[in-house]
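Peer 1: Structure: start-v1.csv, CSV, C-alpha atoms.
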chain,number,residue,atom,x,y,z
A,5,MET,CA,-60.2,-49.2,198.5
A,6,LYS,CA,-61.7,-45.9,197.5
A,7,LYS,CA,-61.6,-44.7,201.1
A,8,THR,CA,-57.9,-45.5,201.2
A,9,HIS,CA,-57.2,-43.4,198.0
A,10,LYS,CA,-58.9,-40.4,199.5
A,11,LYS,CA,-56.9,-40.5,202.7
A,12,ILE,CA,-53.7,-40.8,200.7
A,13,PHE,CA,-54.6,-37.8,198.5
A,14,GLY,CA,-55.7,-35.7,201.5
A,15,LEU,CA,-52.4,-36.4,203.3
A,16,PHE,CA,-50.4,-35.5,200.2
A,17,GLY,CA,-52.3,-32.1,199.9
A,18,LEU,CA,-51.6,-31.3,203.5
A,19,VAL,CA,-47.9,-32.0,203.1
A,20,LEU,CA,-47.8,-29.8,200.0
A,21,VAL,CA,-49.4,-26.8,201.8
A,22,VAL,CA,-46.8,-27.2,204.6
A,23,ALA,CA,-44.0,-27.3,202.1
A,24,VAL,CA,-45.1,-24.2,200.3
A,25,THR,CA,-45.6,-22.3,203.5
A,26,VAL,CA,-42.0,-23.2,204.7
A,27,PHE,CA,-40.6,-22.2,201.3
A,28,ALA,CA,-42.4,-18.8,201.4
A,29,ALA,CA,-41.1,-18.2,204.9
A,30,PHE,CA,-37.5,-18.5,203.8
A,31,LEU,CA,-37.9,-16.2,200.7
A,32,PRO,CA,-35.9,-12.8,201.1
A,33,ALA,CA,-38.1,-9.8,201.9
A,34,PRO,CA,-38.2,-7.2,199.1
A,35,LYS,CA,-36.8,-3.6,199.7
A,36,THR,CA,-39.4,-0.9,200.0
A,37,GLN,CA,-39.2,2.7,198.8
A,38,ALA,CA,-39.7,3.9,202.4
A,39,ALA,CA,-36.5,2.3,203.5
A,40,ASP,CA,-34.5,4.3,200.9
A,41,THR,CA,-32.3,6.6,203.0
A,42,THR,CA,-30.6,8.3,200.0
A,43,THR,CA,-33.6,10.5,199.2
A,44,VAL,CA,-32.9,14.4,199.4
A,45,THR,CA,-35.6,16.9,200.3
A,46,ASP,CA,-35.0,20.6,199.3
A,47,THR,CA,-36.5,23.5,201.4
A,48,ILE,CA,-37.2,26.7,199.5
A,49,SER,CA,-37.6,30.1,201.4
A,50,VAL,CA,-39.5,32.9,199.8
A,51,ARG,CA,-39.0,36.6,200.9
A,52,VAL,CA,-41.3,39.2,199.6
A,53,VAL,CA,-39.6,42.6,198.9
A,54,GLY,CA,-41.6,45.7,198.5
A,55,SER,CA,-41.2,48.0,195.5
A,56,THR,CA,-41.2,51.3,197.4
A,57,PRO,CA,-37.8,52.4,198.7
A,58,VAL,CA,-37.5,54.4,201.9
A,59,VAL,CA,-34.5,56.4,203.3
A,60,ASN,CA,-34.8,58.8,206.2
A,61,LEU,CA,-32.2,60.8,208.2
A,62,SER,CA,-32.7,62.0,211.8
A,63,GLY,CA,-30.6,63.3,214.7
A,64,ILE,CA,-29.8,66.7,213.2
A,65,THR,CA,-32.5,69.1,212.1
A,66,SER,CA,-31.9,70.5,208.6
A,67,GLY,CA,-30.7,74.1,208.8
A,68,ALA,CA,-29.5,73.7,212.4
A,69,VAL,CA,-26.5,75.6,213.9
A,70,VAL,CA,-24.4,73.4,216.2
A,71,THR,CA,-21.5,74.4,218.5
A,72,SER,CA,-20.4,70.9,219.4
A,73,GLY,CA,-18.2,68.8,217.1
A,74,SER,CA,-19.7,65.5,218.4
A,75,GLN,CA,-22.9,64.7,216.4
A,76,GLU,CA,-25.0,61.6,216.1
A,77,VAL,CA,-27.1,60.8,213.0
A,78,SER,CA,-29.4,57.9,212.4
A,79,ILE,CA,-30.6,56.5,209.0
A,80,THR,CA,-33.7,54.3,208.7
A,81,TYR,CA,-34.2,52.5,205.4
A,82,GLU,CA,-36.1,49.6,203.7
A,83,ASN,CA,-36.5,48.1,200.3
A,84,ILE,CA,-33.1,49.3,199.0
A,85,GLU,CA,-30.3,47.1,197.7
A,86,ASN,CA,-27.4,49.2,198.9
A,87,LEU,CA,-27.0,52.1,201.4
A,88,LEU,CA,-24.9,55.1,200.5
A,89,ALA,CA,-24.0,58.0,202.9
A,90,VAL,CA,-22.0,61.0,201.7
A,91,LEU,CA,-20.8,64.0,203.8
A,92,LYS,CA,-19.9,67.3,202.0
A,93,PHE,CA,-18.0,70.0,203.9
A,94,THR,CA,-17.3,73.7,202.9
A,95,ASP,CA,-14.7,75.6,205.0
A,96,VAL,CA,-14.5,79.3,205.7
A,97,ASN,CA,-12.5,79.9,202.5
A,98,GLY,CA,-15.1,78.2,200.3
A,99,ASN,CA,-13.1,75.0,199.8
A,100,VAL,CA,-15.3,72.0,199.3
A,101,TYR,CA,-14.5,68.4,200.5
A,102,GLU,CA,-16.6,65.3,200.0
A,103,LYS,CA,-16.3,62.0,201.8
A,104,THR,CA,-18.3,58.7,201.3
A,105,LEU,CA,-19.0,57.5,204.8
A,106,ILE,CA,-21.0,54.3,203.9
A,107,ASP,CA,-21.2,52.3,200.7
A,108,SER,CA,-22.7,48.9,201.4
A,109,SER,CA,-21.9,47.7,197.9
A,110,ILE,CA,-18.2,47.5,199.0
A,111,GLY,CA,-17.2,44.5,201.1
A,112,ASP,CA,-20.0,42.2,199.9
A,113,LYS,CA,-22.4,43.4,202.6
A,114,PRO,CA,-25.4,45.0,200.8
A,115,VAL,CA,-28.4,45.8,202.9
A,116,ASN,CA,-30.3,43.5,200.6
A,117,TYR,CA,-33.7,45.2,201.0
A,118,VAL,CA,-33.8,44.7,204.7
A,119,ALA,CA,-35.8,47.1,207.0
A,120,GLY,CA,-32.8,48.4,209.0
A,121,THR,CA,-31.1,51.2,210.8
A,122,SER,CA,-27.7,52.9,210.4
A,123,ASP,CA,-26.0,55.0,213.1
A,124,ILE,CA,-23.2,57.5,212.3
A,125,SER,CA,-21.0,59.2,214.9
A,126,LEU,CA,-19.2,62.3,213.7
A,127,ASP,CA,-16.3,64.1,215.4
A,128,LEU,CA,-16.1,67.3,213.4
A,129,ALA,CA,-13.5,68.8,215.7
A,130,ASN,CA,-10.9,66.0,215.1
A,131,GLY,CA,-12.0,64.7,211.7
A,132,THR,CA,-13.1,61.1,212.4
A,133,TYR,CA,-16.3,59.1,212.1
A,134,SER,CA,-17.7,55.6,212.8
A,135,TYR,CA,-20.8,53.8,211.6
A,136,THR,CA,-23.0,50.7,211.9
A,137,TYR,CA,-25.7,49.4,209.5
A,138,GLN,CA,-27.9,46.4,209.3
A,139,TYR,CA,-28.1,44.0,206.4
A,140,TYR,CA,-30.0,40.9,205.4
A,141,VAL,CA,-28.2,37.5,205.7
A,142,ASP,CA,-29.0,34.8,203.1
A,143,GLY,CA,-31.1,32.2,204.7
A,144,GLY,CA,-32.9,34.6,207.0
A,145,GLY,CA,-32.1,37.1,209.8
A,146,THR,CA,-30.0,40.3,209.9
A,147,ALA,CA,-26.4,41.1,210.8
A,148,THR,CA,-24.6,44.4,211.6
A,149,ALA,CA,-21.7,45.9,209.7
A,150,THR,CA,-19.3,48.3,211.4
A,151,GLY,CA,-16.7,50.7,210.1
A,152,GLY,CA,-15.2,54.2,210.3
A,153,GLY,CA,-12.3,56.4,209.2
A,154,ASP,CA,-11.0,59.9,208.8
A,155,LEU,CA,-12.8,62.9,207.2
A,156,LEU,CA,-11.2,64.6,204.2
A,157,GLY,CA,-12.3,68.0,205.5
A,158,TYR,CA,-13.5,69.0,208.9
A,159,GLY,CA,-13.8,71.8,211.5
A,160,TYR,CA,-16.0,74.9,211.5
A,161,GLY,CA,-18.0,75.4,208.4
A,162,GLN,CA,-21.1,74.2,206.4
A,163,TYR,CA,-22.0,70.5,206.1
A,164,VAL,CA,-24.5,68.5,204.0
A,165,LEU,CA,-25.1,64.8,204.8
A,166,THR,CA,-27.0,62.8,202.2
A,167,ALA,CA,-28.2,59.1,202.4
A,168,SER,CA,-29.6,57.3,199.4
A,169,GLY,CA,-30.5,53.9,197.9
A,170,ASP,CA,-32.3,52.2,195.0
A,171,SER,CA,-35.2,49.7,195.1
A,172,VAL,CA,-35.2,46.3,193.4
A,173,GLU,CA,-36.7,48.1,190.4
A,174,GLY,CA,-34.1,50.9,190.3
A,175,VAL,CA,-36.3,53.5,191.9
A,176,PRO,CA,-34.1,55.9,193.9
A,177,ALA,CA,-34.8,57.2,197.5
A,178,GLU,CA,-32.8,60.0,199.2
A,179,SER,CA,-32.7,62.1,202.3
A,180,SER,CA,-30.4,64.9,203.3
A,181,VAL,CA,-29.7,67.5,206.1
A,182,ASN,CA,-27.6,70.6,206.0
A,183,PHE,CA,-26.2,72.2,209.1
A,184,SER,CA,-23.5,74.6,210.3
A,185,TYR,CA,-20.8,73.9,212.8
A,186,VAL,CA,-19.6,77.2,214.5
A,187,PRO,CA,-17.6,78.1,217.6
A,188,VAL,CA,-20.3,80.4,218.9
A,189,ALA,CA,-24.0,81.1,218.1
A,190,ALA,CA,-26.2,84.0,219.3
A,191,SER,CA,-29.9,84.8,219.6
A,192,VAL,CA,-31.6,88.1,220.5
A,193,THR,CA,-34.7,88.9,222.6
A,194,GLN,CA,-36.2,92.3,223.3
A,195,ASP,CA,-38.2,93.8,226.1
A,196,GLY,CA,-38.9,97.4,225.1
A,197,SER,CA,-35.6,99.1,224.8
A,198,LYS,CA,-33.7,96.3,226.6
A,199,VAL,CA,-31.9,93.9,224.3
A,200,SER,CA,-30.7,90.5,225.6
A,201,ILE,CA,-28.1,88.5,223.7
A,202,ASP,CA,-28.0,84.8,224.5
A,203,LEU,CA,-24.8,82.9,223.6
A,204,ASP,CA,-24.2,79.2,222.8
A,205,TYR,CA,-20.6,78.0,222.6
A,206,ASP,CA,-18.4,75.0,223.5
A,207,GLU,CA,-15.7,76.6,225.6
A,208,THR,CA,-12.2,75.3,226.0
A,209,GLY,CA,-11.2,73.4,229.2
A,210,GLY,CA,-13.6,73.1,232.1
A,211,THR,CA,-16.7,71.2,231.1
A,212,GLY,CA,-16.3,72.0,227.5
A,213,THR,CA,-14.4,70.3,224.7
A,214,GLY,CA,-14.2,73.2,222.2
A,215,GLN,CA,-11.7,75.9,221.5
A,216,VAL,CA,-13.5,79.1,222.6
A,217,ASP,CA,-11.7,81.1,225.2
A,218,LYS,CA,-13.4,84.5,224.8
A,219,VAL,CA,-15.9,86.3,222.6
A,220,VAL,CA,-16.2,89.9,221.5
A,221,ILE,CA,-19.7,91.4,220.8
A,222,ASN,CA,-20.3,94.4,218.5
A,223,ILE,CA,-23.6,96.1,217.6
A,224,TYR,CA,-23.8,97.8,214.2
A,225,ASP,CA,-26.3,100.2,212.8
A,226,GLU,CA,-27.7,100.1,209.3
A,227,ASN,CA,-24.6,101.9,207.9
A,228,GLY,CA,-22.2,99.4,209.5
A,229,ASN,CA,-21.0,101.7,212.3
A,230,PRO,CA,-20.4,100.2,215.7
A,231,VAL,CA,-22.9,101.7,218.2
A,232,GLY,CA,-24.1,101.3,221.8
A,233,PRO,CA,-21.8,99.5,224.1
A,234,SER,CA,-19.5,98.1,221.3
A,235,PRO,CA,-17.2,96.4,221.7
A,236,VAL,CA,-18.0,94.1,224.6
A,237,THR,CA,-15.3,91.6,225.5
A,238,MET,CA,-16.6,88.6,227.5
A,239,THR,CA,-13.8,86.9,229.4
A,240,PRO,CA,-14.4,84.9,231.4
A,241,LEU,CA,-17.3,83.8,229.2
A,242,ASN,CA,-20.9,84.4,230.1
A,243,ALA,CA,-24.0,83.0,228.4
A,244,ASN,CA,-25.9,86.3,228.3
A,245,TYR,CA,-25.3,90.0,227.8
A,246,THR,CA,-28.0,92.6,228.3
A,247,PHE,CA,-28.0,96.4,227.6
A,248,ASP,CA,-30.5,99.2,227.1
A,249,MET,CA,-30.7,100.9,223.7
A,250,SER,CA,-32.2,104.0,225.2
A,251,ASP,CA,-29.1,104.6,227.3
A,252,TYR,CA,-27.3,105.5,224.0
A,253,GLY,CA,-30.0,107.6,222.4
A,254,LEU,CA,-30.2,105.3,219.4
A,255,PRO,CA,-32.8,105.9,216.7
A,256,SER,CA,-35.3,103.3,215.4
A,257,GLY,CA,-33.8,100.9,212.8
A,258,THR,CA,-32.4,97.5,212.1
A,259,TYR,CA,-29.3,96.6,214.0
A,260,THR,CA,-26.8,93.7,213.7
A,261,VAL,CA,-25.3,91.8,216.6
A,262,SER,CA,-21.9,90.4,215.6
A,263,VAL,CA,-20.1,87.8,217.9
A,264,GLN,CA,-16.5,86.8,217.2
A,265,ALA,CA,-14.9,83.9,219.0
A,266,TYR,CA,-11.2,83.6,219.9
A,267,ASP,CA,-9.1,80.7,221.1
A,268,VAL,CA,-6.6,80.8,224.1
A,269,ASN,CA,-4.0,82.3,221.8
A,270,GLY,CA,-6.2,85.2,220.8
A,271,VAL,CA,-6.7,83.8,217.3
A,272,LYS,CA,-10.1,84.3,215.6
A,273,LEU,CA,-12.1,81.1,215.3
A,274,TYR,CA,-14.1,81.0,212.0
A,275,LYS,CA,-16.0,84.0,211.0
A,276,PRO,CA,-18.3,86.2,213.2
A,277,PHE,CA,-21.8,84.9,213.9
A,278,GLU,CA,-24.3,87.6,213.0
A,279,VAL,CA,-28.0,88.1,213.9
A,280,GLN,CA,-30.3,91.1,213.3
A,281,PHE,CA,-33.1,92.8,215.3
A,282,TYR,CA,-35.3,95.8,214.8
A,283,TYR,CA,-35.4,98.5,217.4
A,284,GLU,CA,-38.2,101.1,217.7
A,285,ALA,CA,-37.1,104.1,219.8
A,286,ARG,CA,-39.7,105.7,222.1
A,287,GLN,CA,-40.9,109.0,220.7
A,288,THR,CA,-41.2,112.1,223.0
A,289,PRO,CA,-44.7,113.5,222.5
A,290,VAL,CA,-44.7,117.1,221.0
A,291,PRO,CA,-47.9,119.2,221.6
A,292,ASP,CA,-49.8,120.1,218.5
A,293,THR,CA,-50.2,123.8,218.8
A,294,GLY,CA,-51.4,124.5,215.3
A,295,GLY,CA,-52.7,127.9,214.0
A,296,ILE,CA,-50.7,131.0,213.5
A,297,MET,CA,-48.7,130.6,216.7
A,298,GLY,CA,-47.8,127.0,215.9
A,299,ASP,CA,-44.1,127.8,215.5
A,300,LEU,CA,-44.0,129.2,219.0
A,301,ASN,CA,-44.8,125.8,220.4
A,302,ILE,CA,-47.6,127.2,222.6
A,303,SER,CA,-50.3,124.7,223.8
A,304,LYS,CA,-54.0,125.3,224.0
A,305,THR,CA,-53.7,125.7,227.8
A,306,ASP,CA,-51.2,128.4,227.3
A,307,TYR,CA,-53.6,130.2,225.0
A,308,ILE,CA,-56.4,130.0,227.6
A,309,ILE,CA,-54.2,131.2,230.5
A,310,THR,CA,-52.8,134.0,228.4
A,311,GLY,CA,-56.2,135.0,227.3
A,312,LEU,CA,-57.6,135.1,230.8
A,313,ILE,CA,-54.7,137.2,232.0
A,314,ILE,CA,-55.1,139.7,229.2
A,315,PHE,CA,-58.9,139.8,229.7
A,316,SER,CA,-58.4,140.4,233.5
A,317,VAL,CA,-55.9,143.1,232.9
A,318,VAL,CA,-58.1,144.8,230.2
A,319,GLY,CA,-61.2,144.4,232.5
A,320,ILE,CA,-59.5,145.9,235.5
A,321,SER,CA,-57.9,148.7,233.5
A,322,GLY,CA,-61.3,149.5,232.0
A,323,ALA,CA,-63.0,149.5,235.4
A,324,VAL,CA,-60.4,151.9,236.8
A,325,PHE,CA,-60.7,154.2,233.8
A,326,ILE,CA,-64.5,154.4,234.0
A,327,SER,CA,-64.4,154.9,237.7
A,328,ARG,CA,-61.9,157.8,237.4
A,329,HIS,CA,-63.8,159.3,234.5
A,330,ASP,CA,-67.1,159.3,236.5
A,331,LYS,CA,-65.4,161.2,239.4
A,332,LYS,CA,-64.1,163.9,237.1
A,333,THR,CA,-67.5,164.4,235.5
A,334,GLY,CA,-69.1,164.7,238.9
A,335,ASN,CA,-66.7,167.4,240.1
A,336,ARG,CA,-67.3,169.5,237.0
A,337,ARG,CA,-71.1,169.5,237.5
A,338,LYS,CA,-70.7,170.8,241.0
In structure tokens, write the structure found in this file.
Peer 2:
Amino acid sequence: MKKTHKKIFGLFGLVLVVAVTVFAAFLPAPKTQAADTTTVTDTISVRVVGSTPVVNLSGITSGAVVTSGSQEVSITYENIENLLAVLKFTDVNGNVYEKTLIDSSIGDKPVNYVAGTSDISLDLANGTYSYTYQYYVDGGGTATATGGGDLLGYGYGQYVLTASGDSVEGVPAESSVNFSYVPVAASVTQDGSKVSIDLDYDETGGTGTGQVDKVVINIYDENGNPVGPSPVTMTPLNANYTFDMSDYGLPSGTYTVSVQAYDVNGVKLYKPFEVQFYYEARQTPVPDTGGIMGDLNISKTDYIITGLIIFSVVGISGAVFISRHDKKTGNRRK
């Protein structure tokens, strides 16, 4: 009887285990956090910006004299928020014009502290310009902005180009160049009394794009008087003119070479280009006679020759006199 009870309880326990297992198998699986597809992950980019602003201009040397109206300028910059480029022009009459070529704060394209380059093309003969500059794009990388327009004042005259910008802390950086745009420029070289004038110009027609048709050269002394071969008209144009100062008997002093350019209609282009040089005339040696006879301009050799002649004449005359005197004395004694 006891054995029968044990078997019944054992069978009941086995059935209970099977039932619990089946029940657990049909329970719904709980949702896990890993399966949640609604989670959003943010990515943060950090860009380090230096505190030292840099702006540099290149392409035209400050103080340069150019004869071509087409000029190219480059600006390199970094650590500035906005780039500003301004061109100032002064004409032959002293009138001043100012034009902002680039202002990156306009148009929502600040350079935004990028290390970039800007290129500016100037057409000073026709009064137009174009530019490019690089700026930082949010999210990374750079883009290039372009633009251009007309100049308020242009032509032959004096120019000053200034580029500037501020750092994130408001520290300014600036670079500028000044240059002259002229129809003709000249330089002078010397070899003794020979003077060589080298000309630089952008002639009209042919291979040139300028307005120069002829030039007239004048040489002035210290008192402003035209001297030497003045005036010299060069048409057709030549890049060099050479003359000899000694051919005109010019004294030592400072002389001015003035070169005036003319267009095809004979109208003066801008003001004359001037350059100075010093000429030292060759001195003719004058003998230093000295003494009492100095005013007679007699050299030492002349003194010696004259002395020898006088001595010879006196000596011969003395010998003849003595010889004759001895003969007379002899005759008297006889």
Peer 1: Can you pull out the residues contacting Val59 (chain A)? Cut-off 9 Å, using all atoms listed in the file, and skip same-chain residues under 2 positions away; I want them as number ranges by chain.
Peer 2: A: 57, 61, 79-82, 84, 87, 167-169, 177-179
Peer 1: What would the file look like if the residues just selected were written as a PDB file, in the coordinates of the input with C-alpha atoms?
Peer 2:
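Writing done, so here's result_27.pdb:
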ATOM      1  CA  PRO A  57     -37.800  52.400 198.700  1.00  0.00           C
ATOM      2  CA  LEU A  61     -32.200  60.800 208.200  1.00  0.00           C
ATOM      3  CA  ILE A  79     -30.600  56.500 209.000  1.00  0.00           C
ATOM      4  CA  THR A  80     -33.700  54.300 208.700  1.00  0.00           C
ATOM      5  CA  TYR A  81     -34.200  52.500 205.400  1.00  0.00           C
ATOM      6  CA  GLU A  82     -36.100  49.600 203.700  1.00  0.00           C
ATOM      7  CA  ILE A  84     -33.100  49.300 199.000  1.00  0.00           C
ATOM      8  CA  LEU A  87     -27.000  52.100 201.400  1.00  0.00           C
ATOM      9  CA  ALA A 167     -28.200  59.100 202.400  1.00  0.00           C
ATOM     10  CA  SER A 168     -29.600  57.300 199.400  1.00  0.00           C
ATOM     11  CA  GLY A 169     -30.500  53.900 197.900  1.00  0.00           C
ATOM     12  CA  ALA A 177     -34.800  57.200 197.500  1.00  0.00           C
ATOM     13  CA  GLU A 178     -32.800  60.000 199.200  1.00  0.00           C
ATOM     14  CA  SER A 179     -32.700  62.100 202.300  1.00  0.00           C
TER      15      SER A 179
END
Peer 1: Quick one: residues within 10 Å of region 219-231 of chain A, only C-alpha atoms counted, chain neighbours fewer than 2 positions away excluded, as a ChimeraX atom specification?
Peer 2: /A:187-188,190,201,203,205,216-217,233-242,245,249,252,254-267,270,272-273,276-280
Peer 1: Which one is closest to Ser55 (chain A): A:Pro176, A:Gly153, A:Gly232, A:Gly144? Count only C-alpha atoms.
Peer 2: A:Pro176
Peer 1: Please compute the CA of Asn60 (chain A)-CA of Ser78 (chain A) distance, one decimal, in Å.
Peer 2: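 Those two atoms sit 8.3 Å apart.
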Peer 1: One decimal, in Å: what's the spacing between CA of Val115 (chain A) and CA of Tyr140 (chain A)?
Peer 2: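 CA of Tyr140 (chain A) lies at a distance of 5.7 Å from CA of Val115 (chain A).
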Peer 1: Just the residues within 9 Å of Thr150 (chain A), please, counting all atoms listed in the file, with nothing from its chain fewer than 6 positions along; format it as number ranges by chain.
Peer 2: A: 134-137
Peer 1: Can you tell me how far CA of Val141 (chain A) sits from CA of Thr121 (chain A), in Å to one decimal?
Peer 2: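 Pair CA of Val141 (chain A) / CA of Thr121 (chain A) returns 14.9 Å.
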Peer 1: Can you put N, CA and C atoms back into region 257-279 of chain A and show it as a PDB file, in the coordinates of the input?
Peer 2:
ATOM      1  N   GLY A 257     -34.503 101.507 213.958  1.00  0.00           N
ATOM      2  CA  GLY A 257     -33.800 100.900 212.800  1.00  0.00           C
ATOM      3  C   GLY A 257     -33.454  99.491 213.017  1.00  0.00           C
ATOM      4  N   THR A 258     -32.833  98.905 212.003  1.00  0.00           N
ATOM      5  CA  THR A 258     -32.400  97.500 212.100  1.00  0.00           C
ATOM      6  C   THR A 258     -30.910  97.489 212.482  1.00  0.00           C
ATOM      7  N   TYR A 259     -30.623  96.705 213.512  1.00  0.00           N
ATOM      8  CA  TYR A 259     -29.300  96.600 214.000  1.00  0.00           C
ATOM      9  C   TYR A 259     -28.750  95.174 213.919  1.00  0.00           C
ATOM     10  N   THR A 260     -27.449  95.039 213.820  1.00  0.00           N
ATOM     11  CA  THR A 260     -26.800  93.700 213.700  1.00  0.00           C
ATOM     12  C   THR A 260     -25.919  93.448 214.869  1.00  0.00           C
ATOM     13  N   VAL A 261     -26.138  92.286 215.479  1.00  0.00           N
ATOM     14  CA  VAL A 261     -25.300  91.800 216.600  1.00  0.00           C
ATOM     15  C   VAL A 261     -24.229  90.884 215.942  1.00  0.00           C
ATOM     16  N   SER A 262     -22.956  91.194 216.122  1.00  0.00           N
ATOM     17  CA  SER A 262     -21.900  90.400 215.600  1.00  0.00           C
ATOM     18  C   SER A 262     -21.050  89.826 216.749  1.00  0.00           C
ATOM     19  N   VAL A 263     -20.878  88.509 216.771  1.00  0.00           N
ATOM     20  CA  VAL A 263     -20.100  87.800 217.900  1.00  0.00           C
ATOM     21  C   VAL A 263     -18.957  87.097 217.267  1.00  0.00           C
ATOM     22  N   GLN A 264     -17.751  87.482 217.678  1.00  0.00           N
ATOM     23  CA  GLN A 264     -16.500  86.800 217.200  1.00  0.00           C
ATOM     24  C   GLN A 264     -15.892  86.024 218.333  1.00  0.00           C
ATOM     25  N   ALA A 265     -15.577  84.755 218.048  1.00  0.00           N
ATOM     26  CA  ALA A 265     -14.900  83.900 219.000  1.00  0.00           C
ATOM     27  C   ALA A 265     -13.437  83.841 218.834  1.00  0.00           C
ATOM     28  N   TYR A 266     -12.694  83.677 219.954  1.00  0.00           N
ATOM     29  CA  TYR A 266     -11.200  83.600 219.900  1.00  0.00           C
ATOM     30  C   TYR A 266     -10.777  82.388 220.746  1.00  0.00           C
ATOM     31  N   ASP A 267      -9.621  81.818 220.364  1.00  0.00           N
ATOM     32  CA  ASP A 267      -9.100  80.700 221.100  1.00  0.00           C
ATOM     33  C   ASP A 267      -8.145  81.265 222.228  1.00  0.00           C
ATOM     34  N   VAL A 268      -7.459  80.368 222.944  1.00  0.00           N
ATOM     35  CA  VAL A 268      -6.600  80.800 224.100  1.00  0.00           C
ATOM     36  C   VAL A 268      -5.423  81.609 223.620  1.00  0.00           C
ATOM     37  N   ASN A 269      -5.079  81.536 222.345  1.00  0.00           N
ATOM     38  CA  ASN A 269      -4.000  82.300 221.800  1.00  0.00           C
ATOM     39  C   ASN A 269      -4.392  83.635 221.211  1.00  0.00           C
ATOM     40  N   GLY A 270      -5.688  83.950 221.333  1.00  0.00           N
ATOM     41  CA  GLY A 270      -6.200  85.200 220.800  1.00  0.00           C
ATOM     42  C   GLY A 270      -6.425  85.149 219.288  1.00  0.00           C
ATOM     43  N   VAL A 271      -6.455  83.957 218.703  1.00  0.00           N
ATOM     44  CA  VAL A 271      -6.700  83.800 217.300  1.00  0.00           C
ATOM     45  C   VAL A 271      -8.176  83.644 217.006  1.00  0.00           C
ATOM     46  N   LYS A 272      -8.658  84.334 215.966  1.00  0.00           N
ATOM     47  CA  LYS A 272     -10.100  84.300 215.600  1.00  0.00           C
ATOM     48  C   LYS A 272     -10.451  82.833 215.199  1.00  0.00           C
ATOM     49  N   LEU A 273     -11.600  82.394 215.677  1.00  0.00           N
ATOM     50  CA  LEU A 273     -12.100  81.100 215.300  1.00  0.00           C
ATOM     51  C   LEU A 273     -13.277  81.287 214.317  1.00  0.00           C
ATOM     52  N   TYR A 274     -13.056  80.876 213.092  1.00  0.00           N
ATOM     53  CA  TYR A 274     -14.100  81.000 212.000  1.00  0.00           C
ATOM     54  C   TYR A 274     -14.458  82.441 211.854  1.00  0.00           C
ATOM     55  N   LYS A 275     -15.574  82.685 211.230  1.00  0.00           N
ATOM     56  CA  LYS A 275     -16.000  84.000 211.000  1.00  0.00           C
ATOM     57  C   LYS A 275     -17.056  84.465 212.040  1.00  0.00           C
ATOM     58  N   PRO A 276     -17.337  85.776 212.175  1.00  0.00           N
ATOM     59  CA  PRO A 276     -18.300  86.200 213.200  1.00  0.00           C
ATOM     60  C   PRO A 276     -19.691  85.642 212.939  1.00  0.00           C
ATOM     61  N   PHE A 277     -20.382  85.344 214.029  1.00  0.00           N
ATOM     62  CA  PHE A 277     -21.800  84.900 213.900  1.00  0.00           C
ATOM     63  C   PHE A 277     -22.636  86.188 214.036  1.00  0.00           C
ATOM     64  N   GLU A 278     -23.560  86.386 213.081  1.00  0.00           N
ATOM     65  CA  GLU A 278     -24.300  87.600 213.000  1.00  0.00           C
ATOM     66  C   GLU A 278     -25.846  87.316 213.111  1.00  0.00           C
ATOM     67  N   VAL A 279     -26.570  88.174 213.826  1.00  0.00           N
ATOM     68  CA  VAL A 279     -28.000  88.100 213.900  1.00  0.00           C
ATOM     69  C   VAL A 279     -28.575  89.506 213.997  1.00  0.00           C
TER      70      VAL A 279
END
